[in-house]
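This report concerns only the one structure given below.
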Amino acid sequence: MNEKLFSQRLAELVKIPSVSSHSPQWDMGNITVIHTLANWLEALSFEVQILPVDGHENKANLIATRGTGQGGLVLAGHTDTVPYDEGRWQSDPFTLEDKDQRFYGLGATDMKGFFPTILAAVERFEDAEFEQPLIVLATADEESSMSGANALASQGFNQEGQARYAVIGEPTGLKPIYMHKGIMMEELRITGQSGHSSNPDLGNNAMEAMHEVMGELMSFRRELQEQYSNPGFAVPTPTMNFGCIHGGDNPNRICADCAMQFDLRAIPGMSNEELRQSIRERVEQVAQRRQVRIEMETLFGGVEPFAEDKHSSLVQAAEELSQHDSEAVAFATEAPFLQQLGIETLVLGPGSIDQAHQPNEFIAQEQIAPAIDILCGLIQRFCLPSSPRR
């Protein structure tokens with residue numbers, strides 16, 4: 001590995017702000033990152049497509065392909081980062097810092113660091129003729145709306161079956177991840193009637209109605225946890241978290257409006273849309289009993305639970321090359337979107353999820369060379385003429 005070139009590439013990506021967020025004051029485009037990757041990949045003989053994401057200014061996906069045919073390998077990652085709290089960083093989030101055998105910077109591990117890893121692996125095959133295509137996929141908005149991953153099908157990705165296998169390089173400590181929970185985020189808004197607090201009959205308290213809604217949701221959570229369990233997860237059951245609640249404006253006024261946001265993380269075998277429908281039915285019953293209006297809004301489209309066959313060719317190859325058994329994690333990725341396009345998919349990359357989404361994010365340098373070796377092994381196995389096909 002050319003360590004200097006790796007750090008130069010990572011520094012170039014880190015210095016480009018590409019935050020995606022539900023909050024308009026934070027949200028920005030990723031197009032500069034996409035063009036940077038496109039230039040690097042074209043220099044390595046890839047054919048590059050830059051596909052704008054409809055309805056999102058300055059946001060795009062990149063599909064870079066080397067080789068032709070069907071049944072190839074996808075190496076995929078997202079190009080956006082979460083927002084940052086600059087005051088809590090010990091260095092500039094957009095300036096890569098090489099310190100204590102770590103690379104510090106916003107997105108260094110989640111997950112801009114995966115792209116220089118891909119490039120370093122590809123450079124080992126500079127003169128190789130690929131029998132099956134190698135496809136590098138870079139997406140927009142994974143940290144917020146998943147609009148990039150959602151756009152792939154409409155953009156025609158894999159309609160001709162070019163890809164059979166996909167590795168998403170989220171930070172997993174180089175352990176293959178064959179299963180993860182889904183996630184949905186919802187908001188419930190209750191409208192009651194304000195009035196003077198000296199006489200409860202003058203109003204209809206939205207906060208009290210929300211109390212009843214939360215009780216109904218906690219009952220639903222217990223039912224789900226009794227019905228669904230998977231021992232592959234550290235927390236084997238689905239979870240529901242009440243994240244924030246706001247309501248009312250004065251202690252001597254009956255609360256007329258109350259809003260609460262929550263997430264639900266389902267396990268494989270469950271459907272986000274079926275869960276939403278069950279929640280709607282339950283809260284509507286509360287609305288009728290309390291004579292209030294309850295609106296439910298999906299904060300983003302969500303990610304379905306994901307599970308790949310542990311005995312699939314890709315999982316077996318990744319276990320062999322990484323020398324780790326495949327595992328399950330609770331965080332969500334773009335894996336279900338690729339799997340739904342008919343691609344065998346797993347999640348594996350350098351770095352630790354423990355360092356993601358927090359100040360002083362870093363990727364441990366000791367993870368990089370082994371990650372390159374694993375990617376080289378996957379390319380050799382699934383793209384080259386001498387590869388043993390399974």
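Just remember, in the structure tokens the first chain shown is A, the second B, etc., residues are 1-based per chain, and ligands are 1-based in the order shown.
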
Task: Backbone-only DSSP, helix (DSSP H, G or I) members of stretch 109-321 of chain A, as a PyMOL selection string - done: chain A and resi 109-112+114-125+147-154+200-202+206-227+272-290+313-321

Open item on the list: Which residues are near A:His311? Cut-off 12 Å, only C-alpha atoms, ignore same chain within fewer than 3 positions. Put them as an MDAnalysis selection string.
Closed with: chainID A and resid 178 307:308 314:319 325:326 344 346 390

Okay, now the selection with C-alpha atoms, as a PDB file, in the first residue's frame?
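The resulting file, again23.pdb, is shown below:
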```
ATOM      1  CA  TYR A 178     -24.880 -10.655   7.135  1.00  0.00           C
ATOM      2  CA  ALA A 307     -30.573 -10.692   6.221  1.00  0.00           C
ATOM      3  CA  GLU A 308     -28.344 -12.539   3.755  1.00  0.00           C
ATOM      4  CA  LEU A 314     -20.272 -14.002  -0.745  1.00  0.00           C
ATOM      5  CA  VAL A 315     -20.602 -14.506   3.004  1.00  0.00           C
ATOM      6  CA  GLN A 316     -18.452 -17.635   2.893  1.00  0.00           C
ATOM      7  CA  ALA A 317     -15.763 -15.822   0.898  1.00  0.00           C
ATOM      8  CA  ALA A 318     -15.784 -12.845   3.264  1.00  0.00           C
ATOM      9  CA  GLU A 319     -15.491 -15.094   6.322  1.00  0.00           C
ATOM     10  CA  ASP A 325     -17.389 -15.333  11.454  1.00  0.00           C
ATOM     11  CA  SER A 326     -20.251 -13.271  10.072  1.00  0.00           C
ATOM     12  CA  GLU A 344     -26.106 -10.970  -2.809  1.00  0.00           C
ATOM     13  CA  LEU A 346     -23.082  -8.051   2.973  1.00  0.00           C
ATOM     14  CA  ARG A 390     -18.871 -20.888  -6.596  1.00  0.00           C
TER      15      ARG A 390
END
```

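If you measure from each of A:Val19, A:Leu137, A:Leu5, A:Cys376 to A:Gly107 using only C-alpha atoms, the closest one turns out to be A:Val19.
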
TODO: Determine, counting only C-alpha atoms, which protein, DNA and RNA residues have an atom within 10 Å of an atom of A:Glu212; residues of the same chain fewer than 4 positions away are not included. Present the result as a ChimeraX atom specification.
DONE: /A:206-208,216-218,283,286-287,290

Take the residues just selected and output them with C-alpha atoms as a CSV table (one decimal), in the first residue's frame.
```csv
chain,number,residue,atom,x,y,z
A,206,ALA,CA,-53.4,17.0,24.1
A,207,MET,CA,-50.7,16.0,26.5
A,208,GLU,CA,-52.9,13.7,28.4
A,216,GLU,CA,-50.7,2.1,23.7
A,217,LEU,CA,-47.3,2.1,21.9
A,218,MET,CA,-45.5,0.6,24.9
A,283,VAL,CA,-53.5,5.6,17.7
A,286,VAL,CA,-57.1,6.7,21.1
A,287,ALA,CA,-58.1,9.6,18.9
A,290,ARG,CA,-60.2,11.1,23.5
```

Who sits within 12 Å of A:Asp249, only C-alpha atoms, same chain under 2 positions skipped, as a PDB file with N, CA and C atoms, in the first residue's frame:
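So around-v9.pdb came out as:
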```
ATOM      1  N   SER A 194     -57.356  24.176  23.717  1.00  0.00           N
ATOM      2  CA  SER A 194     -56.831  24.939  24.849  1.00  0.00           C
ATOM      3  C   SER A 194     -57.988  25.460  25.704  1.00  0.00           C
ATOM      4  N   GLY A 195     -57.647  25.941  26.875  1.00  0.00           N
ATOM      5  CA  GLY A 195     -58.633  26.500  27.789  1.00  0.00           C
ATOM      6  C   GLY A 195     -57.983  26.845  29.109  1.00  0.00           C
ATOM      7  N   ALA A 206     -54.177  17.773  25.038  1.00  0.00           N
ATOM      8  CA  ALA A 206     -53.435  16.959  24.079  1.00  0.00           C
ATOM      9  C   ALA A 206     -52.309  16.183  24.737  1.00  0.00           C
ATOM     10  N   MET A 207     -51.736  16.744  25.802  1.00  0.00           N
ATOM     11  CA  MET A 207     -50.656  16.049  26.492  1.00  0.00           C
ATOM     12  C   MET A 207     -51.177  14.796  27.184  1.00  0.00           C
ATOM     13  N   HIS A 246     -42.777  17.333  22.720  1.00  0.00           N
ATOM     14  CA  HIS A 246     -42.985  18.763  22.939  1.00  0.00           C
ATOM     15  C   HIS A 246     -44.485  19.020  23.008  1.00  0.00           C
ATOM     16  N   GLY A 247     -44.885  19.863  23.959  1.00  0.00           N
ATOM     17  CA  GLY A 247     -46.299  20.183  24.041  1.00  0.00           C
ATOM     18  C   GLY A 247     -46.584  21.299  25.022  1.00  0.00           C
ATOM     19  N   PRO A 251     -48.177  26.541  32.322  1.00  0.00           N
ATOM     20  CA  PRO A 251     -48.747  25.603  33.286  1.00  0.00           C
ATOM     21  C   PRO A 251     -50.215  25.851  33.617  1.00  0.00           C
ATOM     22  N   ASN A 252     -50.716  27.072  33.383  1.00  0.00           N
ATOM     23  CA  ASN A 252     -52.115  27.338  33.721  1.00  0.00           C
ATOM     24  C   ASN A 252     -53.018  27.373  32.487  1.00  0.00           C
ATOM     25  N   ARG A 253     -52.565  26.716  31.429  1.00  0.00           N
ATOM     26  CA  ARG A 253     -53.338  26.653  30.201  1.00  0.00           C
ATOM     27  C   ARG A 253     -53.440  25.201  29.755  1.00  0.00           C
ATOM     28  N   ILE A 254     -54.630  24.745  29.408  1.00  0.00           N
ATOM     29  CA  ILE A 254     -54.815  23.377  28.931  1.00  0.00           C
ATOM     30  C   ILE A 254     -54.049  23.200  27.633  1.00  0.00           C
ATOM     31  N   CYS A 255     -53.262  22.125  27.562  1.00  0.00           N
ATOM     32  CA  CYS A 255     -52.384  21.889  26.411  1.00  0.00           C
ATOM     33  C   CYS A 255     -53.208  21.538  25.173  1.00  0.00           C
ATOM     34  N   ALA A 256     -53.028  22.320  24.118  1.00  0.00           N
ATOM     35  CA  ALA A 256     -53.795  22.097  22.892  1.00  0.00           C
ATOM     36  C   ALA A 256     -53.032  21.286  21.854  1.00  0.00           C
ATOM     37  N   ASP A 257     -51.713  21.283  21.926  1.00  0.00           N
ATOM     38  CA  ASP A 257     -50.908  20.602  20.906  1.00  0.00           C
ATOM     39  C   ASP A 257     -49.762  19.849  21.571  1.00  0.00           C
ATOM     40  N   CYS A 258     -49.528  18.647  21.080  1.00  0.00           N
ATOM     41  CA  CYS A 258     -48.416  17.854  21.604  1.00  0.00           C
ATOM     42  C   CYS A 258     -47.868  16.999  20.466  1.00  0.00           C
TER      43      CYS A 258
END
```

Open item on the list: Measuring between only C-alpha atoms, which one of A:Val292, A:Met210, A:Ala151, A:Ala266 shows the shortest distance to A:Phe242?
Closed with: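 Among A:Val292, A:Met210, A:Ala151, A:Ala266, it is A:Met210 that comes nearest to A:Phe242.
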